[in-house]
Structure formats: structure tokens, C-alpha cells
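start19.txt follows; it contains compact mmCIF, N, CA, C and O atoms.
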```
# COMPACT_ATOMS: atom_id res chain seq x y z
N MET H 1 0.84 -1.17 0.00
CA MET H 1 0.00 0.00 0.00
C MET H 1 0.89 1.24 0.00
O MET H 1 1.84 1.33 0.76
N LYS H 2 0.56 2.18 -0.84
CA LYS H 2 1.28 3.46 -0.92
C LYS H 2 0.31 4.56 -0.53
O LYS H 2 -0.81 4.62 -1.04
N ILE H 3 0.73 5.42 0.37
CA ILE H 3 -0.10 6.56 0.78
C ILE H 3 0.27 7.76 -0.08
O ILE H 3 1.41 8.21 -0.08
N ARG H 4 -0.69 8.23 -0.84
CA ARG H 4 -0.47 9.36 -1.74
C ARG H 4 -0.67 10.69 -1.03
O ARG H 4 0.00 11.68 -1.32
N GLN H 5 -1.59 10.71 -0.07
CA GLN H 5 -1.95 11.97 0.57
C GLN H 5 -2.28 11.74 2.04
O GLN H 5 -2.91 10.74 2.38
N ILE H 6 -1.87 12.67 2.88
CA ILE H 6 -2.26 12.66 4.29
C ILE H 6 -2.99 13.96 4.59
O ILE H 6 -2.49 15.05 4.29
N ASN H 7 -4.18 13.83 5.15
CA ASN H 7 -4.95 14.99 5.59
C ASN H 7 -4.88 15.07 7.11
O ASN H 7 -5.17 14.09 7.79
N PHE H 8 -4.51 16.23 7.61
CA PHE H 8 -4.44 16.46 9.05
C PHE H 8 -5.70 17.22 9.45
O PHE H 8 -5.85 18.39 9.09
N LEU H 9 -6.58 16.56 10.15
CA LEU H 9 -7.87 17.15 10.49
C LEU H 9 -7.75 18.14 11.65
O LEU H 9 -6.76 18.12 12.38
N PRO H 10 -8.73 19.04 11.82
CA PRO H 10 -8.63 20.11 12.82
C PRO H 10 -8.30 19.63 14.23
O PRO H 10 -7.48 20.23 14.92
N LYS H 11 -8.91 18.55 14.67
CA LYS H 11 -8.64 18.03 16.02
C LYS H 11 -7.17 17.64 16.16
O LYS H 11 -6.55 17.87 17.19
N PHE H 12 -6.62 17.04 15.10
CA PHE H 12 -5.21 16.66 15.09
C PHE H 12 -4.33 17.90 15.28
O PHE H 12 -3.40 17.90 16.09
N HIS H 13 -4.65 18.97 14.55
CA HIS H 13 -3.86 20.21 14.66
C HIS H 13 -3.91 20.78 16.08
O HIS H 13 -2.88 21.20 16.62
N LYS H 14 -5.08 20.78 16.70
CA LYS H 14 -5.21 21.28 18.07
C LYS H 14 -4.38 20.46 19.04
O LYS H 14 -3.69 21.00 19.91
N GLN H 15 -4.45 19.14 18.90
CA GLN H 15 -3.69 18.27 19.79
C GLN H 15 -2.19 18.40 19.53
O GLN H 15 -1.39 18.35 20.46
N TRP H 16 -1.81 18.56 18.27
CA TRP H 16 -0.40 18.74 17.90
C TRP H 16 0.19 19.93 18.65
O TRP H 16 1.30 19.87 19.17
N ASP H 17 -0.56 21.02 18.68
CA ASP H 17 -0.08 22.26 19.31
C ASP H 17 0.18 22.08 20.81
O ASP H 17 0.96 22.84 21.39
N THR H 18 -0.45 21.10 21.43
CA THR H 18 -0.25 20.89 22.87
C THR H 18 0.88 19.90 23.18
O THR H 18 1.26 19.74 24.34
N LEU H 19 1.40 19.24 22.15
CA LEU H 19 2.48 18.27 22.36
C LEU H 19 3.79 18.97 22.70
O LEU H 19 4.08 20.04 22.16
N PRO H 20 4.60 18.36 23.55
CA PRO H 20 5.95 18.90 23.79
C PRO H 20 6.75 18.86 22.48
O PRO H 20 6.49 18.03 21.61
N LYS H 21 7.71 19.76 22.35
CA LYS H 21 8.53 19.84 21.13
C LYS H 21 9.20 18.51 20.80
O LYS H 21 9.29 18.13 19.64
N GLU H 22 9.65 17.79 21.81
CA GLU H 22 10.31 16.50 21.58
C GLU H 22 9.34 15.50 20.93
O GLU H 22 9.71 14.77 20.01
N ALA H 23 8.11 15.49 21.40
CA ALA H 23 7.10 14.59 20.82
C ALA H 23 6.76 15.01 19.39
O ALA H 23 6.56 14.15 18.52
N GLN H 24 6.73 16.31 19.12
CA GLN H 24 6.48 16.78 17.76
C GLN H 24 7.59 16.33 16.82
O GLN H 24 7.33 15.91 15.69
N THR H 25 8.82 16.40 17.28
CA THR H 25 9.96 15.96 16.46
C THR H 25 9.85 14.48 16.14
O THR H 25 10.02 14.07 14.98
N LYS H 26 9.54 13.68 17.14
CA LYS H 26 9.37 12.24 16.92
C LYS H 26 8.19 11.96 15.98
O LYS H 26 8.26 11.08 15.13
N ALA H 27 7.11 12.72 16.16
CA ALA H 27 5.92 12.52 15.32
C ALA H 27 6.22 12.86 13.86
O ALA H 27 5.74 12.17 12.96
N ARG H 28 7.01 13.90 13.62
CA ARG H 28 7.39 14.23 12.23
C ARG H 28 8.11 13.05 11.57
O ARG H 28 7.83 12.71 10.43
N LYS H 29 9.04 12.44 12.31
CA LYS H 29 9.78 11.29 11.77
C LYS H 29 8.83 10.12 11.52
O LYS H 29 8.94 9.42 10.51
N THR H 30 7.89 9.91 12.42
CA THR H 30 6.91 8.84 12.26
C THR H 30 6.07 9.06 11.01
O THR H 30 5.81 8.12 10.25
N ILE H 31 5.66 10.29 10.76
CA ILE H 31 4.85 10.61 9.59
C ILE H 31 5.64 10.37 8.31
O ILE H 31 5.09 9.84 7.33
N VAL H 32 6.93 10.68 8.31
CA VAL H 32 7.78 10.41 7.14
C VAL H 32 7.85 8.91 6.89
O VAL H 32 7.70 8.45 5.75
N PHE H 33 8.07 8.11 7.95
CA PHE H 33 8.07 6.65 7.80
C PHE H 33 6.74 6.17 7.23
O PHE H 33 6.70 5.32 6.34
N PHE H 34 5.65 6.71 7.75
CA PHE H 34 4.33 6.29 7.32
C PHE H 34 4.12 6.58 5.84
O PHE H 34 3.57 5.76 5.11
N ARG H 35 4.54 7.76 5.39
CA ARG H 35 4.39 8.11 3.98
C ARG H 35 5.13 7.13 3.07
O ARG H 35 4.63 6.76 2.02
N THR H 36 6.34 6.75 3.45
CA THR H 36 7.16 5.90 2.60
C THR H 36 6.82 4.42 2.75
O THR H 36 6.90 3.67 1.78
N ASP H 37 6.46 4.00 3.96
CA ASP H 37 6.15 2.58 4.21
C ASP H 37 5.20 2.46 5.39
O ASP H 37 5.64 2.35 6.53
N PRO H 38 3.89 2.47 5.12
CA PRO H 38 2.91 2.41 6.22
C PRO H 38 3.05 1.16 7.10
O PRO H 38 2.56 1.14 8.22
N PHE H 39 3.71 0.14 6.58
CA PHE H 39 3.87 -1.10 7.33
C PHE H 39 5.25 -1.23 7.96
O PHE H 39 5.62 -2.31 8.41
N HIS H 40 5.99 -0.13 8.03
CA HIS H 40 7.31 -0.16 8.67
C HIS H 40 7.11 -0.68 10.10
O HIS H 40 6.23 -0.20 10.83
N PRO H 41 7.90 -1.67 10.52
CA PRO H 41 7.69 -2.29 11.84
C PRO H 41 7.69 -1.30 13.01
O PRO H 41 6.97 -1.51 13.98
N SER H 42 8.46 -0.25 12.92
CA SER H 42 8.52 0.70 14.04
C SER H 42 7.20 1.44 14.26
O SER H 42 6.96 1.97 15.34
N LEU H 43 6.34 1.46 13.25
CA LEU H 43 5.06 2.16 13.38
C LEU H 43 4.03 1.37 14.18
O LEU H 43 3.09 1.94 14.72
N ARG H 44 4.16 0.08 14.19
CA ARG H 44 3.20 -0.80 14.86
C ARG H 44 1.76 -0.52 14.41
O ARG H 44 0.83 -0.40 15.22
N LEU H 45 1.59 -0.33 13.10
CA LEU H 45 0.26 -0.07 12.53
C LEU H 45 -0.68 -1.22 12.87
O LEU H 45 -0.35 -2.38 12.66
N HIS H 46 -1.84 -0.88 13.42
CA HIS H 46 -2.84 -1.90 13.70
C HIS H 46 -4.23 -1.29 13.68
O HIS H 46 -4.41 -0.10 13.95
N SER H 47 -5.20 -2.12 13.32
CA SER H 47 -6.58 -1.66 13.30
C SER H 47 -7.13 -1.65 14.72
O SER H 47 -6.70 -2.42 15.57
N LEU H 48 -8.07 -0.76 14.94
CA LEU H 48 -8.68 -0.63 16.26
C LEU H 48 -10.02 -1.36 16.28
O LEU H 48 -10.60 -1.66 15.24
N ARG H 49 -10.51 -1.63 17.47
CA ARG H 49 -11.74 -2.41 17.64
C ARG H 49 -12.80 -1.62 18.38
O ARG H 49 -12.56 -0.51 18.82
N GLY H 50 -13.91 -2.25 18.55
CA GLY H 50 -14.99 -1.66 19.33
C GLY H 50 -15.52 -0.39 18.69
O GLY H 50 -15.76 -0.35 17.49
N SER H 51 -15.69 0.65 19.49
CA SER H 51 -16.24 1.90 18.98
C SER H 51 -15.30 2.60 18.01
O SER H 51 -15.71 3.51 17.30
N LEU H 52 -14.04 2.15 17.96
CA LEU H 52 -13.07 2.74 17.03
C LEU H 52 -12.83 1.84 15.81
O LEU H 52 -11.86 2.03 15.07
N ARG H 53 -13.73 0.92 15.60
CA ARG H 53 -13.63 0.05 14.43
C ARG H 53 -13.59 0.90 13.16
O ARG H 53 -14.34 1.86 13.02
N GLY H 54 -12.69 0.57 12.25
CA GLY H 54 -12.52 1.35 11.02
C GLY H 54 -11.37 2.33 11.11
O GLY H 54 -10.96 2.89 10.11
N TYR H 55 -10.88 2.56 12.33
CA TYR H 55 -9.72 3.43 12.54
C TYR H 55 -8.47 2.57 12.72
O TYR H 55 -8.56 1.39 13.04
N TRP H 56 -7.34 3.20 12.54
CA TRP H 56 -6.04 2.55 12.71
C TRP H 56 -5.22 3.38 13.68
O TRP H 56 -5.51 4.55 13.89
N SER H 57 -4.19 2.77 14.23
CA SER H 57 -3.29 3.47 15.14
C SER H 57 -1.85 3.19 14.73
O SER H 57 -1.53 2.07 14.31
N ILE H 58 -1.01 4.21 14.83
CA ILE H 58 0.43 4.04 14.67
C ILE H 58 1.11 4.62 15.90
O ILE H 58 0.57 5.52 16.56
N SER H 59 2.27 4.09 16.21
CA SER H 59 3.02 4.51 17.40
C SER H 59 4.06 5.55 17.03
O SER H 59 4.85 5.34 16.11
N VAL H 60 4.07 6.64 17.78
CA VAL H 60 5.15 7.62 17.68
C VAL H 60 6.29 7.18 18.60
O VAL H 60 7.45 7.17 18.22
N ASP H 61 5.92 6.81 19.81
CA ASP H 61 6.85 6.23 20.78
C ASP H 61 6.03 5.42 21.78
O ASP H 61 4.86 5.12 21.51
N LYS H 62 6.60 5.07 22.91
CA LYS H 62 5.87 4.23 23.87
C LYS H 62 4.61 4.90 24.41
O LYS H 62 3.66 4.23 24.80
N LYS H 63 4.58 6.23 24.44
CA LYS H 63 3.45 6.94 25.02
C LYS H 63 2.51 7.57 24.00
O LYS H 63 1.33 7.73 24.27
N CYS H 64 3.02 7.95 22.85
CA CYS H 64 2.26 8.76 21.90
C CYS H 64 1.77 7.93 20.71
O CYS H 64 2.52 7.13 20.15
N ARG H 65 0.51 8.13 20.34
CA ARG H 65 -0.12 7.43 19.22
C ARG H 65 -0.77 8.42 18.27
O ARG H 65 -1.15 9.52 18.66
N ILE H 66 -0.94 7.98 17.03
CA ILE H 66 -1.71 8.72 16.04
C ILE H 66 -2.86 7.82 15.62
O ILE H 66 -2.66 6.66 15.28
N ILE H 67 -4.08 8.36 15.66
CA ILE H 67 -5.26 7.63 15.20
C ILE H 67 -5.62 8.16 13.82
O ILE H 67 -5.69 9.38 13.61
N LEU H 68 -5.85 7.24 12.90
CA LEU H 68 -6.10 7.62 11.52
C LEU H 68 -7.10 6.70 10.87
O LEU H 68 -7.45 5.66 11.42
N ARG H 69 -7.54 7.11 9.70
CA ARG H 69 -8.40 6.29 8.87
C ARG H 69 -7.76 6.25 7.48
O ARG H 69 -7.31 7.28 6.99
N ILE H 70 -7.73 5.08 6.88
CA ILE H 70 -7.15 4.92 5.56
C ILE H 70 -8.28 4.64 4.58
O ILE H 70 -9.08 3.72 4.78
N GLU H 71 -8.33 5.47 3.54
CA GLU H 71 -9.35 5.31 2.50
C GLU H 71 -8.62 5.28 1.17
O GLU H 71 -8.25 6.33 0.63
N GLY H 72 -8.38 4.07 0.66
CA GLY H 72 -7.61 3.92 -0.57
C GLY H 72 -6.18 4.33 -0.33
O GLY H 72 -5.51 3.78 0.53
N ASP H 73 -5.72 5.35 -1.06
CA ASP H 73 -4.36 5.83 -0.88
C ASP H 73 -4.30 7.15 -0.12
O ASP H 73 -3.32 7.88 -0.18
N ILE H 74 -5.37 7.45 0.61
CA ILE H 74 -5.45 8.67 1.41
C ILE H 74 -5.59 8.29 2.89
O ILE H 74 -6.39 7.44 3.25
N ALA H 75 -4.78 8.94 3.72
CA ALA H 75 -4.85 8.74 5.17
C ALA H 75 -5.33 10.02 5.82
O ALA H 75 -4.80 11.10 5.54
N ASN H 76 -6.34 9.91 6.64
CA ASN H 76 -6.84 11.05 7.41
C ASN H 76 -6.38 10.88 8.85
O ASN H 76 -6.75 9.90 9.50
N PHE H 77 -5.57 11.81 9.32
CA PHE H 77 -5.07 11.77 10.68
C PHE H 77 -6.04 12.53 11.58
O PHE H 77 -6.22 13.72 11.43
N TYR H 78 -6.67 11.81 12.50
CA TYR H 78 -7.71 12.37 13.35
C TYR H 78 -7.20 12.89 14.67
O TYR H 78 -7.69 13.90 15.18
N SER H 79 -6.27 12.17 15.29
CA SER H 79 -5.92 12.48 16.66
C SER H 79 -4.48 12.08 16.94
O SER H 79 -3.97 11.12 16.34
N ILE H 80 -3.83 12.81 17.86
CA ILE H 80 -2.48 12.47 18.30
C ILE H 80 -2.36 12.74 19.79
O ILE H 80 -2.89 13.74 20.29
N GLY H 81 -1.69 11.85 20.51
CA GLY H 81 -1.50 12.05 21.94
C GLY H 81 -1.24 10.72 22.64
O GLY H 81 -1.00 9.70 22.00
N ASN H 82 -1.36 10.75 23.96
CA ASN H 82 -1.15 9.52 24.74
C ASN H 82 -2.38 8.61 24.61
O ASN H 82 -3.32 8.93 23.90
N HIS H 83 -2.37 7.53 25.36
CA HIS H 83 -3.45 6.55 25.23
C HIS H 83 -4.83 7.10 25.55
O HIS H 83 -5.84 6.52 25.15
N ALA H 84 -4.91 8.22 26.23
CA ALA H 84 -6.20 8.82 26.58
C ALA H 84 -6.97 9.24 25.33
O ALA H 84 -8.20 9.38 25.37
N ILE H 85 -6.27 9.43 24.20
CA ILE H 85 -6.99 9.86 22.98
C ILE H 85 -7.97 8.81 22.49
O ILE H 85 -8.93 9.14 21.81
N TYR H 86 -7.75 7.55 22.85
CA TYR H 86 -8.68 6.50 22.41
C TYR H 86 -10.08 6.74 22.97
O TYR H 86 -11.07 6.42 22.33
N GLY H 87 -10.16 7.29 24.15
CA GLY H 87 -11.45 7.55 24.77
C GLY H 87 -12.09 8.86 24.35
O GLY H 87 -13.22 9.14 24.68
N LYS H 88 -11.36 9.66 23.55
CA LYS H 88 -11.85 10.98 23.17
C LYS H 88 -12.24 11.06 21.70
O LYS H 88 -12.42 12.13 21.16
N MET H 89 -12.36 9.92 21.06
CA MET H 89 -12.69 9.93 19.63
C MET H 89 -14.18 10.04 19.43
O MET H 89 -14.98 9.63 20.16
```
Could I get this file's structure written as C-alpha cells?
Amino acid sequence: MKIRQINFLPKFHKQWDTLPKEAQTKARKTIVFFRTDPFHPSLRLHSLRGSLRGYWSISVDKKCRIILRIEGDIANFYSIGNHAIYGKM
């Protein structure tokens, strides 16, 4: 699978602004990996279940995650933050 486009939705932008600079730096690297190889092992890409069925998660680091939806070759990034973001979708 090749990702042609990533859309960063408004909620993602708001949460991004609250991240520490170090987390933002790591997240930028994660997004670059995702663009080139969405299945790169360091991303730990996996589908979510339950009320988040249809969404996917990638790991920025041990604490930070990105929640997204993949539609064809387009990825919509909905949320970024610690594990608490799963309950805020």
C-alpha cells in the first residue's frame, strides 16, 4: 500500500499544538516513515476495535499514538497524543 496523501484534520492540529517539542519531532519522523512505508515495523500499525472500528493506530513512541483512517491511498489523521486519545474519539 502506498499513501499518496495525508490529511491532518482540525482536532489533530489542536492536539499537535499541545504536544511537547520533543514529541512533535518524533511525530514528524513517524509521519515520514508512514508516507514511505505504512507497514514499517517501528510504526506498529494496527486496526482498532470496538467503537473505534474502522480506525487505525500508529506509534510515535511508547506513550504517543496517532489515530487515523485509511481510504484507498489517502490517510486522514484524526488524533495524536497519549493513550487517553482513544477515549476521546
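The nearest approach to H:Lys14 among the residues H:Ala75, H:Ile80, H:Leu45, H:Ser51, with all atoms listed in the file taken into account, belongs to H:Ile80.
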What would the list of residues within 12 Å of (-9.0, 3.2, 10.0) (file frame) look like as a PyMOL selection string, if only C-alpha atoms are what count?
chain H and resi 45-49+51-58+66-72+74-79
How many Å separate atom CA of H:Phe33 from atom CA of H:Gly81?
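So the answer is 17.9 Å.
The set of residues in chain H assigned to strand (DSSP E) by DSSP, using only backbone atoms of this structure, is Gln5, Ile6, Asn7, Phe8, His46, Ser47, Trp56, Ser57, Ile58, Ser59, Arg65, Ile66, Ile67, Leu68, Arg69, Ile70, Glu71, Ile74, Ala75, Asn76, Phe77, Tyr78, Ser79, Ile80 and Gly81 of chain H.
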Leaving out H:Lys63 and any residue of its chain fewer than 5 positions from it, which residues lie within 10 Å of it when counting only C-alpha atoms, given as a compact mmCIF listing (two decimals) with N, CA, C and O atoms, in the coordinates of the input?
```
# COMPACT_ATOMS: atom_id res chain seq x y z
N ALA H 23 8.11 15.49 21.40
CA ALA H 23 7.10 14.59 20.82
C ALA H 23 6.76 15.01 19.39
O ALA H 23 6.56 14.15 18.52
N GLY H 81 -1.69 11.85 20.51
CA GLY H 81 -1.50 12.05 21.94
C GLY H 81 -1.24 10.72 22.64
O GLY H 81 -1.00 9.70 22.00
N ASN H 82 -1.36 10.75 23.96
CA ASN H 82 -1.15 9.52 24.74
C ASN H 82 -2.38 8.61 24.61
O ASN H 82 -3.32 8.93 23.90
N HIS H 83 -2.37 7.53 25.36
CA HIS H 83 -3.45 6.55 25.23
C HIS H 83 -4.83 7.10 25.55
O HIS H 83 -5.84 6.52 25.15
N ALA H 84 -4.91 8.22 26.23
CA ALA H 84 -6.20 8.82 26.58
C ALA H 84 -6.97 9.24 25.33
O ALA H 84 -8.20 9.38 25.37
```
Nearest to H:Cys64, chosen from H:Arg35, H:Leu43, H:Lys11, H:Gly50, with all atoms listed in the file counted in the distances
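Counting all atoms listed in the file, the residue closest to H:Cys64 is H:Leu43.
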For a test of reading the model, state the distance in Å between atom N of H:Ser59 and atom N of H:Gln15, rounded to one decimal.
16.7 Å
Which of H:Pro10, H:Ala27, H:Met89, H:Phe34 sits closest to H:Val60 [using only N, CA, C and O atoms]
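Closest to H:Val60, using only N, CA, C and O atoms: H:Ala27.
Atom N of H:Asp73 lies 8.5 Å from atom O of H:Arg4.
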Quick one: of H:Ile85, H:Met1, H:Leu19, H:Leu9, who's nearest to H:Thr36, counting only N, CA, C and O atoms?
H:Met1
